[in-house]
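Coordinates from coords-v4.cif are shown below (mmCIF, C-alpha atoms).
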data_structure
#
loop_
_atom_site.label_atom_id
_atom_site.label_comp_id
_atom_site.auth_asym_id
_atom_site.auth_seq_id
_atom_site.Cartn_x
_atom_site.Cartn_y
_atom_site.Cartn_z
CA MET O 1 50.63 -80.83 20.16
CA SER O 2 47.89 -78.71 18.69
CA ALA O 3 46.81 -79.96 15.31
CA SER O 4 46.25 -76.37 14.27
CA GLY O 5 49.28 -74.59 15.69
CA ALA O 6 51.92 -73.04 13.49
CA ASP O 7 54.81 -74.97 15.00
CA PRO O 8 55.33 -78.74 14.58
CA ALA O 9 58.29 -78.79 16.97
CA ALA O 10 56.26 -80.09 19.90
CA ASP O 11 56.31 -83.57 18.38
CA THR O 12 60.06 -83.75 17.79
CA SER O 13 62.47 -85.49 20.15
CA ASP O 14 63.43 -84.26 23.60
CA SER O 15 66.96 -83.59 22.34
CA GLN O 16 65.88 -80.25 20.90
CA GLU O 17 64.37 -79.29 24.26
CA ALA O 18 67.65 -80.10 25.99
CA VAL O 19 69.59 -77.87 23.57
CA SER O 20 66.98 -75.17 24.03
CA GLU O 21 67.28 -75.12 27.80
CA THR O 22 71.07 -75.10 27.73
CA ALA O 23 71.21 -72.06 25.47
CA ALA O 24 68.42 -70.09 27.15
CA SER O 25 69.14 -66.48 28.03
CA ARG O 26 67.19 -64.30 30.46
CA PRO O 27 67.34 -60.67 31.55
CA ASP O 28 69.36 -60.29 34.73
CA VAL O 29 66.92 -57.85 36.31
CA GLY O 30 63.19 -57.91 35.86
CA VAL O 31 59.71 -58.06 37.29
CA ASP O 32 58.43 -61.62 37.71
CA LEU O 33 55.10 -61.83 35.90
CA GLY O 34 54.29 -65.24 37.37
CA ALA O 35 52.87 -68.33 35.66
CA GLY O 36 56.07 -68.97 33.73
CA THR O 37 57.76 -72.33 33.71
CA ALA O 38 60.32 -73.10 36.38
CA ASP O 39 63.17 -73.51 33.89
CA ASP O 40 62.29 -70.50 31.72
CA GLU O 41 61.07 -67.77 34.02
CA ILE O 42 58.92 -65.09 32.43
CA VAL O 43 60.43 -61.72 33.30
CA ILE O 44 60.53 -58.26 31.83
CA ASP O 45 63.19 -55.62 32.40
CA THR O 46 60.97 -52.55 32.51
CA ALA O 47 63.96 -50.23 32.50
CA GLU O 48 65.22 -51.51 29.16
CA VAL O 49 62.15 -51.87 26.94
CA ASN O 50 61.63 -48.52 25.23
CA LEU O 51 59.75 -48.31 21.96
CA PRO O 52 59.73 -45.37 19.53
CA GLY O 53 56.46 -43.52 19.04
CA GLU O 54 54.58 -40.26 19.32
CA VAL O 55 52.89 -40.48 22.73
CA ALA O 56 53.47 -38.04 25.58
CA SER O 57 55.36 -39.54 28.53
CA ASP O 58 52.47 -39.05 30.99
CA VAL O 59 49.89 -40.92 28.87
CA GLU O 60 49.01 -44.53 29.71
CA THR O 61 47.90 -46.77 26.85
CA ILE O 62 47.02 -50.47 26.93
CA VAL O 63 47.23 -52.75 23.92
CA HIS O 64 45.46 -56.06 24.53
CA VAL O 65 46.82 -58.78 22.23
CA LEU O 66 44.10 -61.42 22.05
CA ARG O 67 44.45 -64.97 20.82
CA HIS O 68 41.42 -66.20 18.84
CA GLY O 69 38.97 -68.73 20.26
CA GLU O 70 38.69 -72.45 19.55
CA VAL O 71 38.43 -73.39 15.87
CA HIS O 72 36.13 -75.94 14.21
CA ASN O 73 38.70 -78.41 12.86
CA PRO O 74 37.21 -81.93 12.79
CA LYS O 75 40.03 -83.37 10.64
CA GLY O 76 42.70 -82.13 13.03
CA ILE O 77 44.96 -80.58 10.41
CA LEU O 78 47.45 -77.78 10.86
CA TYR O 79 45.32 -75.13 9.17
CA GLY O 80 47.78 -72.24 9.41
CA ARG O 81 46.73 -69.54 6.97
CA LEU O 82 44.16 -71.65 5.11
CA SER O 83 40.74 -70.09 4.58
CA GLY O 84 37.49 -71.55 5.83
CA PHE O 85 38.44 -72.23 9.44
CA GLY O 86 36.03 -70.38 11.69
CA LEU O 87 35.26 -70.62 15.37
CA SER O 88 33.59 -73.65 16.88
CA VAL O 89 30.57 -73.25 19.13
CA THR O 90 32.96 -73.23 22.08
CA GLY O 91 35.14 -70.66 20.33
CA GLN O 92 32.16 -68.38 19.82
CA ALA O 93 31.36 -68.62 23.53
CA GLN O 94 34.99 -67.82 24.35
CA ALA O 95 34.85 -64.70 22.17
CA GLN O 96 31.72 -63.58 23.98
CA ALA O 97 33.44 -64.15 27.34
CA VAL O 98 36.32 -61.89 26.32
CA ALA O 99 33.87 -59.23 25.15
CA ARG O 100 32.12 -59.33 28.53
CA SER O 101 35.45 -58.98 30.34
CA LEU O 102 36.21 -55.83 28.31
CA ARG O 103 32.73 -54.32 28.57
CA ASP O 104 33.75 -51.50 30.90
CA HIS O 105 37.12 -50.82 29.25
CA ASP O 106 37.77 -47.73 27.17
CA ILE O 107 38.36 -49.54 23.88
CA ALA O 108 39.22 -47.17 21.03
CA LEU O 109 40.32 -49.63 18.39
CA VAL O 110 39.74 -53.28 17.42
CA VAL O 111 42.16 -54.77 14.88
CA ALA O 112 42.32 -58.39 13.71
CA SER O 113 44.30 -60.79 11.58
CA PRO O 114 42.65 -61.29 8.17
CA LEU O 115 41.91 -64.94 8.98
CA GLN O 116 38.29 -65.92 9.69
CA ARG O 117 38.83 -67.19 13.23
CA ALA O 118 40.44 -63.91 14.29
CA GLN O 119 37.76 -61.78 12.66
CA GLU O 120 35.02 -63.81 14.38
CA THR O 121 36.77 -63.46 17.74
CA ALA O 122 37.01 -59.69 17.28
CA ASP O 123 33.37 -59.25 16.27
CA PRO O 124 31.62 -59.27 19.68
CA ILE O 125 34.19 -56.85 21.11
CA ALA O 126 33.85 -54.43 18.21
CA THR O 127 30.05 -54.66 18.29
CA GLN O 128 29.93 -54.03 22.03
CA HIS O 129 31.97 -50.82 21.67
CA GLY O 130 30.35 -49.61 18.45
CA LEU O 131 33.54 -50.03 16.43
CA LEU O 132 34.40 -51.45 13.03
CA ILE O 133 37.00 -54.22 12.88
CA ARG O 134 40.15 -53.16 11.12
CA THR O 135 42.34 -55.76 9.45
CA ASP O 136 46.13 -55.81 9.76
CA ASP O 137 48.09 -58.44 7.85
CA ASN O 138 50.90 -58.10 10.40
CA LEU O 139 48.70 -60.03 12.87
CA ILE O 140 48.31 -63.10 10.64
CA GLU O 141 49.26 -66.64 11.66
CA ALA O 142 52.88 -67.71 11.11
CA GLY O 143 53.70 -69.28 7.77
CA ASN O 144 54.32 -73.05 7.97
CA THR O 145 55.36 -75.67 5.41
CA PHE O 146 53.19 -78.28 7.20
CA GLU O 147 50.03 -76.29 6.49
CA GLY O 148 47.13 -78.54 5.47
CA LEU O 149 48.69 -81.68 6.99
CA ARG O 150 48.11 -83.63 10.16
CA VAL O 151 51.13 -83.30 12.44
CA ALA O 152 50.05 -85.49 15.35
CA ALA O 153 52.93 -87.52 16.80
CA ARG O 154 51.42 -90.96 16.12
CA ASP O 155 49.73 -90.60 12.75
CA GLY O 156 50.86 -87.34 11.24
CA ALA O 157 53.34 -85.97 8.72
CA LEU O 158 56.21 -85.97 11.21
CA ARG O 159 56.42 -89.77 10.99
CA LYS O 160 57.21 -89.62 7.26
CA PRO O 161 60.94 -89.40 6.39
CA ARG O 162 60.31 -87.03 3.48
CA HIS O 163 59.37 -84.32 5.97
CA TRP O 164 62.28 -84.74 8.36
CA LEU O 165 64.55 -82.32 6.53
CA LYS O 166 62.09 -79.55 7.37
CA LEU O 167 62.90 -80.08 11.07
CA ARG O 168 66.66 -79.64 10.70
CA ASP O 169 66.75 -76.16 12.27
CA PRO O 170 64.52 -75.48 15.29
CA PHE O 171 66.10 -72.07 15.88
CA THR O 172 64.96 -70.12 12.79
CA PRO O 173 62.83 -72.36 12.32
CA SER O 174 63.40 -74.32 9.11
CA TRP O 175 59.72 -75.37 8.81
CA GLY O 176 58.21 -71.93 8.71
CA GLU O 177 58.35 -68.16 9.05
CA PRO O 178 61.40 -66.96 11.03
CA TYR O 179 60.59 -66.12 14.64
CA LEU O 180 62.34 -62.75 14.38
CA GLN O 181 60.21 -61.80 11.39
CA ILE O 182 57.08 -62.72 13.34
CA ALA O 183 58.20 -60.59 16.29
CA HIS O 184 58.95 -57.57 14.11
CA ARG O 185 55.64 -57.59 12.27
CA MET O 186 53.67 -58.10 15.48
CA LEU O 187 55.50 -55.22 17.12
CA ALA O 188 54.73 -53.03 14.10
CA ALA O 189 51.01 -53.77 14.57
CA VAL O 190 51.23 -53.04 18.30
CA ASN O 191 53.07 -49.76 17.82
CA LYS O 192 50.60 -48.56 15.21
CA ALA O 193 47.64 -49.32 17.49
CA ARG O 194 49.41 -47.90 20.55
CA VAL O 195 49.93 -44.51 18.93
CA GLU O 196 46.41 -44.34 17.50
CA ALA O 197 44.74 -45.37 20.77
CA ALA O 198 46.97 -43.17 22.96
CA GLY O 199 45.45 -42.66 26.39
CA ARG O 200 42.88 -45.41 25.84
CA GLU O 201 42.94 -49.15 24.99
CA ALA O 202 43.20 -51.19 21.81
CA VAL O 203 42.46 -54.86 21.10
CA LEU O 204 44.53 -56.78 18.53
CA VAL O 205 43.36 -60.29 17.64
CA SER O 206 46.05 -62.69 16.45
CA HIS O 207 47.22 -66.30 16.86
CA GLN O 208 49.09 -68.38 19.43
CA LEU O 209 52.59 -68.43 17.95
CA PRO O 210 52.65 -64.75 16.92
CA VAL O 211 51.34 -63.65 20.33
CA TRP O 212 53.83 -65.81 22.24
CA THR O 213 56.72 -64.77 19.99
CA LEU O 214 55.90 -61.10 20.55
CA ARG O 215 55.83 -61.60 24.31
CA ARG O 216 59.15 -63.39 24.38
CA PHE O 217 60.69 -60.70 22.18
CA LEU O 218 59.48 -57.91 24.48
CA GLN O 219 60.75 -59.81 27.52
CA GLY O 220 64.22 -60.20 26.04
CA GLN O 221 63.95 -63.99 25.83
CA ARG O 222 65.20 -66.26 23.07
CA LEU O 223 62.50 -66.73 20.47
CA TRP O 224 62.87 -70.47 19.82
CA HIS O 225 61.10 -72.49 22.49
CA ASP O 226 59.12 -75.60 23.38
CA PRO O 227 55.57 -75.10 21.98
CA ARG O 228 54.16 -77.25 24.80
CA ARG O 229 55.13 -74.58 27.32
CA ARG O 230 53.48 -71.55 25.76
CA GLN O 231 51.40 -69.47 28.14
CA CYS O 232 48.78 -68.43 25.62
CA SER O 233 45.42 -70.12 26.14
CA LEU O 234 42.57 -69.87 23.67
CA ALA O 235 40.96 -66.40 23.86
CA SER O 236 43.60 -65.23 26.33
CA LEU O 237 44.75 -61.63 26.64
CA THR O 238 48.39 -60.55 26.72
CA SER O 239 47.96 -56.91 27.72
CA LEU O 240 50.84 -54.50 27.07
CA VAL O 241 50.80 -51.46 29.35
CA TYR O 242 52.63 -48.37 28.10
CA GLN O 243 53.54 -45.13 29.82
CA GLY O 244 54.15 -42.83 26.90
CA ASP O 245 56.39 -44.87 24.59
CA THR O 246 57.76 -47.09 27.35
CA LEU O 247 56.45 -50.59 28.02
CA ILE O 248 56.02 -50.78 31.79
CA ASP O 249 54.13 -54.03 32.28
CA ILE O 250 52.77 -57.16 30.61
CA VAL O 251 49.60 -58.62 32.12
CA TYR O 252 48.39 -62.05 31.07
CA SER O 253 44.77 -63.10 31.69
CA GLU O 254 42.35 -65.83 30.64
CA PRO O 255 38.79 -64.40 30.58
CA ALA O 256 37.51 -67.56 28.87
CA GLY O 257 39.45 -69.94 31.12
CA ALA O 258 42.68 -71.88 30.69
CA THR O 259 43.29 -74.36 27.87
CA ASP O 260 46.06 -76.84 27.15
CA PRO O 261 48.43 -75.50 24.44
CA THR O 262 48.66 -78.99 22.93
CA VAL O 263 44.95 -79.66 22.42
CA THR O 264 43.38 -80.01 18.97
CA GLY O 265 41.56 -76.87 17.93
CA ALA O 266 44.02 -74.50 19.56
#

Since I need it in another form, could you write the structure as structure tokens?
Amino acid sequence: MSASGADPAADTSDSQEAVSETAASRPDVGVDLGAGTADDEIVIDTAEVNLPGEVASDVETIVHVLRHGEVHNPKGILYGRLSGFGLSVTGQAQAQAVARSLRDHDIALVVASPLQRAQETADPIATQHGLLIRTDDNLIEAGNTFEGLRVAARDGALRKPRHWLKLRDPFTPSWGEPYLQIAHRMLAAVNKARVEAAGREAVLVSHQLPVWTLRRFLQGQRLWHDPRRRQCSLASLTSLVYQGDTLIDIVYSEPAGATDPTVTGA
């Protein structure tokens, strides 16, 4: 799994995955967005997802939720909300690639998590469009009790019995911030930006687990999942398309290319 991700569950046994797949629930009717896994299809019921707001029904607004670029993390720890973790050279190039992909877009607002890696990813986009980066704490990385530790399967904290109790509940989860809380705060950030950027586009820079949790929430999927199957590459865009206050589409793209969700630095 990623040494930096906010979810150590990827290194637990396959028994949790089996329980997860058995209990999975999916909308009965939806638009297939593609690129989902075969056993957990990514769909969205566009007729059911209506969000409160103040935008006229004929106005289209796009909120791009951007995952930060690769982080410089030579010790391979789960850095979570720790300070001092900025982008690597590759991460800086990824941020520039996203900025280039959005060059001709009508960006009205750039908002980022307070963490350094998110702010640095937002910078080239904001600069390109002559905007200041706003900070929203709702976009921050998920809280995690393994923060500051190595969680690799072979030589990390998960091999030590004193940590096993933290893994007792993969559904909330027991090792960190509840998934539902993550979804709610992310949606609050999206709704705020959506109303302010009405008729234009906004970019919100966050982190892998919060972005993926938000997407699953909006698609009506269960929030607990296998971290190894997240569709949220480094510097990827999960673009939420609204018609008025109604979410009509979710478009996923990888302007900086695809990355493995289990690699160190993600």

statement: Correct to one decimal, the distance atom CA of Ala99 of chain O-atom CA of Tyr179 of chain O is 29.5 Å

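Across O:Arg134, O:His207, O:Arg103, O:His68, the tightest approach to Ile182 of chain O is made by O:His207 when counting only C-alpha atoms.
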
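Reported to one decimal place, the separation of atom CA of Gln243 of chain O from atom CA of Glu60 of chain O is 4.6 Å.
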
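Picture a line from atom CA of Gly244 of chain O to atom CA of Thr61 of chain O; it runs 7.4 Å.
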
task: Could you expand the PyMOL selection byres ((chain O and resi 85) around 8) into the explicit residues it covers here, written as a ChimeraX atom specification?
output: /O:71-73,79,82-84,86-87,116-117

With C-alpha atoms kept, could you save the residues just selected as a PDB file, in the coordinates of the input?
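The file below, out_27.pdb, is the result:
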ATOM      1  CA  VAL O  71      38.430 -73.390  15.870  1.00  0.00           C
ATOM      2  CA  HIS O  72      36.130 -75.940  14.210  1.00  0.00           C
ATOM      3  CA  ASN O  73      38.700 -78.410  12.860  1.00  0.00           C
ATOM      4  CA  TYR O  79      45.320 -75.130   9.170  1.00  0.00           C
ATOM      5  CA  LEU O  82      44.160 -71.650   5.110  1.00  0.00           C
ATOM      6  CA  SER O  83      40.740 -70.090   4.580  1.00  0.00           C
ATOM      7  CA  GLY O  84      37.490 -71.550   5.830  1.00  0.00           C
ATOM      8  CA  GLY O  86      36.030 -70.380  11.690  1.00  0.00           C
ATOM      9  CA  LEU O  87      35.260 -70.620  15.370  1.00  0.00           C
ATOM     10  CA  GLN O 116      38.290 -65.920   9.690  1.00  0.00           C
ATOM     11  CA  ARG O 117      38.830 -67.190  13.230  1.00  0.00           C
TER      12      ARG O 117
END

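When the distance limit is 10 Å and all atoms listed in the file are what count, the residues near Asp123 of chain O, minus those fewer than 4 positions from it on the same chain, are Gln92, Ala95, Gln96, Ala99, Val110, Val111, Ala112, Ala118, Gln119, Thr127, Gln128, Leu131, Leu132 and Ile133 of chain O.
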
task: Report as a list in words the full result of the PyMOL selection byres ((chain O and resi 197) around 9) when it is applied to this structure.
output: Thr61, Ile62, Val63, Ile107, Ala108, Leu109, Lys192, Ala193, Arg194, Val195, Glu196, Ala198, Gly199, Arg200, Glu201 and Ala202 of chain O

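With distances taken over all atoms listed in the file, O:Leu218 is the one residue among O:Val211, O:Leu66, O:Val98, O:Leu218 lying closest to Leu247 of chain O.
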
Chain and number of each residue from the PyMOL selection byres ((chain O and resi 206) around 6), as JSON, numbers by chain: {"O": [67, 113, 139, 205, 207]}

- prompt: Can you tell me, as a VMD selection string, what residues are no more than 9 Å from Leu237 of chain O when counting all atoms listed in the file, ignoring any on the same chain fewer than 2 positions away?
  reply: chain O and resid 64 to 67 98 232 to 233 235 239 251 to 255
